[in-house]
Amino acid sequence: MSDLLYSETEDELRSAVRSLLTDRCEAAQVIARTETDQPHDHDLWKTLAADMGLAGLLIPESLGGQGATHREAAVVLEELGRSVAPVPYLTSAVVATETLLGCGSTAADELLTALASGRSIGVLALPLSTAPSSSYAQVAEADGKLTGRVGAVADATAADVLLVPTASGLYAVDTTADGVRITPQTPLDLTRPLAAVTLESAPGRLVGADASAAVRRGLTAGAGLLASEQLGLTDWCLTETVAYLKTRKQFNRSVGSFQSLKHRLAELWLETVHARAAARNAADALAAGSDEAPLAAALAQAYCAPVAVHAAEEALQLHGGIGMTWEHPVHLYLKRAKSDSIALGAAGVHQGTVAELVDLQAP
């Protein structure tokens, strides 16, 4: 069995990413950015993707990537979750990248090289809620021209290339091409924008003959590593809430000394520990290319999604009045947790997947 503890390399990577996000992704800056028409932090993305080379962690060195594993990518996502960073890492560096890795074509390799360098951002043109086991409506293709509409596509407004599954294969479509229209939609989580993608005879280039297998690979990796983002979010909520309750006083006592609140925090701590085990197991299974990776990813999502929501709700309530204000960042974490709870499949969908994979019959 693999060691799920963090390696020295992973700890060093965490330190570097956290240091950058501490300097460049303060809560006040994130809140201010959500109030503009440019919610993505492109400068931060450039630093993460190009300067630090994190966009290419999952891409082989032969294609310009780092040749790392899902364990390292999971560490990055933990830190991005702790900061609710408005960058398209999950969608481009994980889901789109893994989808292209499942194609095995020259055209896919060319796109992977562009993604690894940080020059391009790729997004899989499916609703954010699509689970690895779910069916989805496919865009129509005729003579290389694509026609259809897909709603609730995460980070589509930041994308340079869309990966569009069709019945005849997976196609890459440049967002600047004729016949492509991307219309922003109002999301719950303002740090992960959604958009409707409309294609009207848009030119596409075939990058994979089997779209369903490539998409399933991308969504499975995305679901497994999303658990690490949820872990980072959960850890931030717990840490900040404990720190606040130590300083907040009532009846001349620290609020954190009240027995009922101690029990609530202890329960949340246990949930966080269990979430870490589930998220690390999913990342390790993906990194090893294990046959149990789909099970590990589904199990991680089934557990981590509700834990992240619970942690954010507790943080909001236990911060009292200031937690209800726009200026305090806890609302960013609650919205991200709620959005993540249906991203790449709701917990109930993943519970069904776990039951199916282990042949657990319903009562």
# chains A, B, ... in the order shown; residues from 1 in each chain; ligands from 1

call {"tool": "residues_around", "arguments": {"residues": "Lys246 of chain A", "least_positions_apart": "2", "cutoff": "12 Å", "atoms": "only C-alpha atoms", "output": "PDB file with N, CA, C and O atoms, in the first residue's frame"}}
result
ATOM      1  N   THR A 239      -9.452  26.163  10.659  1.00  0.00           N
ATOM      2  CA  THR A 239      -8.352  26.918  11.272  1.00  0.00           C
ATOM      3  C   THR A 239      -8.790  28.334  11.639  1.00  0.00           C
ATOM      4  O   THR A 239      -8.518  28.820  12.749  1.00  0.00           O
ATOM      5  N   GLU A 240      -9.455  29.010  10.711  1.00  0.00           N
ATOM      6  CA  GLU A 240      -9.877  30.396  10.952  1.00  0.00           C
ATOM      7  C   GLU A 240     -10.949  30.475  12.027  1.00  0.00           C
ATOM      8  O   GLU A 240     -10.971  31.424  12.825  1.00  0.00           O
ATOM      9  N   THR A 241     -11.834  29.491  12.073  1.00  0.00           N
ATOM     10  CA  THR A 241     -12.894  29.512  13.078  1.00  0.00           C
ATOM     11  C   THR A 241     -12.330  29.280  14.474  1.00  0.00           C
ATOM     12  O   THR A 241     -12.715  29.963  15.442  1.00  0.00           O
ATOM     13  N   VAL A 242     -11.415  28.337  14.597  1.00  0.00           N
ATOM     14  CA  VAL A 242     -10.775  28.101  15.894  1.00  0.00           C
ATOM     15  C   VAL A 242     -10.030  29.349  16.358  1.00  0.00           C
ATOM     16  O   VAL A 242     -10.131  29.755  17.524  1.00  0.00           O
ATOM     17  N   ALA A 243      -9.287  29.988  15.461  1.00  0.00           N
ATOM     18  CA  ALA A 243      -8.543  31.196  15.823  1.00  0.00           C
ATOM     19  C   ALA A 243      -9.484  32.312  16.266  1.00  0.00           C
ATOM     20  O   ALA A 243      -9.201  33.027  17.244  1.00  0.00           O
ATOM     21  N   TYR A 244     -10.617  32.455  15.569  1.00  0.00           N
ATOM     22  CA  TYR A 244     -11.565  33.511  15.930  1.00  0.00           C
ATOM     23  C   TYR A 244     -12.189  33.247  17.296  1.00  0.00           C
ATOM     24  O   TYR A 244     -12.314  34.153  18.126  1.00  0.00           O
ATOM     25  N   ARG A 248     -12.587  35.846  20.464  1.00  0.00           N
ATOM     26  CA  ARG A 248     -13.916  36.408  20.701  1.00  0.00           C
ATOM     27  C   ARG A 248     -14.338  36.106  22.127  1.00  0.00           C
ATOM     28  O   ARG A 248     -14.289  34.964  22.585  1.00  0.00           O
ATOM     29  N   LYS A 249     -14.759  37.133  22.881  1.00  0.00           N
ATOM     30  CA  LYS A 249     -15.119  36.953  24.285  1.00  0.00           C
ATOM     31  C   LYS A 249     -16.596  37.244  24.510  1.00  0.00           C
ATOM     32  O   LYS A 249     -17.184  38.123  23.878  1.00  0.00           O
ATOM     33  N   GLN A 250     -17.168  36.479  25.433  1.00  0.00           N
ATOM     34  CA  GLN A 250     -18.553  36.672  25.841  1.00  0.00           C
ATOM     35  C   GLN A 250     -18.651  36.277  27.305  1.00  0.00           C
ATOM     36  O   GLN A 250     -18.086  35.263  27.713  1.00  0.00           O
ATOM     37  N   ARG A 253     -15.414  35.569  28.934  1.00  0.00           N
ATOM     38  CA  ARG A 253     -14.739  34.308  28.655  1.00  0.00           C
ATOM     39  C   ARG A 253     -14.524  34.175  27.151  1.00  0.00           C
ATOM     40  O   ARG A 253     -15.296  34.690  26.356  1.00  0.00           O
ATOM     41  N   SER A 254     -13.481  33.463  26.786  1.00  0.00           N
ATOM     42  CA  SER A 254     -13.279  33.146  25.384  1.00  0.00           C
ATOM     43  C   SER A 254     -14.422  32.248  24.914  1.00  0.00           C
ATOM     44  O   SER A 254     -14.762  31.260  25.572  1.00  0.00           O
ATOM     45  N   VAL A 255     -15.028  32.610  23.789  1.00  0.00           N
ATOM     46  CA  VAL A 255     -16.152  31.828  23.280  1.00  0.00           C
ATOM     47  C   VAL A 255     -15.727  30.382  23.022  1.00  0.00           C
ATOM     48  O   VAL A 255     -16.508  29.442  23.189  1.00  0.00           O
ATOM     49  N   GLY A 256     -14.490  30.202  22.622  1.00  0.00           N
ATOM     50  CA  GLY A 256     -14.000  28.867  22.337  1.00  0.00           C
ATOM     51  C   GLY A 256     -13.939  27.958  23.546  1.00  0.00           C
ATOM     52  O   GLY A 256     -13.762  26.741  23.394  1.00  0.00           O
ATOM     53  N   SER A 257     -14.090  28.510  24.738  1.00  0.00           N
ATOM     54  CA  SER A 257     -14.046  27.682  25.949  1.00  0.00           C
ATOM     55  C   SER A 257     -15.403  27.053  26.267  1.00  0.00           C
ATOM     56  O   SER A 257     -15.494  26.197  27.141  1.00  0.00           O
ATOM     57  N   PHE A 258     -16.455  27.459  25.555  1.00  0.00           N
ATOM     58  CA  PHE A 258     -17.780  26.902  25.813  1.00  0.00           C
ATOM     59  C   PHE A 258     -17.816  25.447  25.329  1.00  0.00           C
ATOM     60  O   PHE A 258     -17.421  25.137  24.199  1.00  0.00           O
ATOM     61  N   LEU A 261     -19.408  24.468  21.905  1.00  0.00           N
ATOM     62  CA  LEU A 261     -18.627  24.835  20.731  1.00  0.00           C
ATOM     63  C   LEU A 261     -17.395  23.940  20.589  1.00  0.00           C
ATOM     64  O   LEU A 261     -16.976  23.631  19.470  1.00  0.00           O
ATOM     65  N   LYS A 262     -16.834  23.519  21.689  1.00  0.00           N
ATOM     66  CA  LYS A 262     -15.709  22.578  21.632  1.00  0.00           C
ATOM     67  C   LYS A 262     -16.132  21.289  20.927  1.00  0.00           C
ATOM     68  O   LYS A 262     -15.391  20.739  20.107  1.00  0.00           O
ATOM     69  N   LEU A 318     -20.328  30.407  13.308  1.00  0.00           N
ATOM     70  CA  LEU A 318     -19.517  30.638  14.496  1.00  0.00           C
ATOM     71  C   LEU A 318     -18.717  31.942  14.440  1.00  0.00           C
ATOM     72  O   LEU A 318     -18.184  32.384  15.451  1.00  0.00           O
ATOM     73  N   HIS A 319     -18.634  32.545  13.260  1.00  0.00           N
ATOM     74  CA  HIS A 319     -18.058  33.893  13.190  1.00  0.00           C
ATOM     75  C   HIS A 319     -19.080  34.956  13.580  1.00  0.00           C
ATOM     76  O   HIS A 319     -18.738  36.149  13.638  1.00  0.00           O
TER      77      HIS A 319
END

call {"tool": "residues_around", "arguments": {"residues": "Ala293 of chain A", "least_positions_apart": "6", "cutoff": "7 Å", "atoms": "only C-alpha atoms", "output": "list in words"}}
result
Ala282, Ala285 and Leu286 of chain A

call {"tool": "select_by_dssp", "arguments": {"residues": "segment 293-328 of chain A", "states": "alpha helix (DSSP H)", "output": "MDAnalysis selection string"}}
result
chainID A and resid 293:318 320:323

call {"tool": "closest_residue", "arguments": {"among": "A:Glu72, A:Arg336, A:Gln361, A:Val330", "to": "Ala28 of chain A", "atoms": "only C-alpha atoms"}}
result
A:Val330
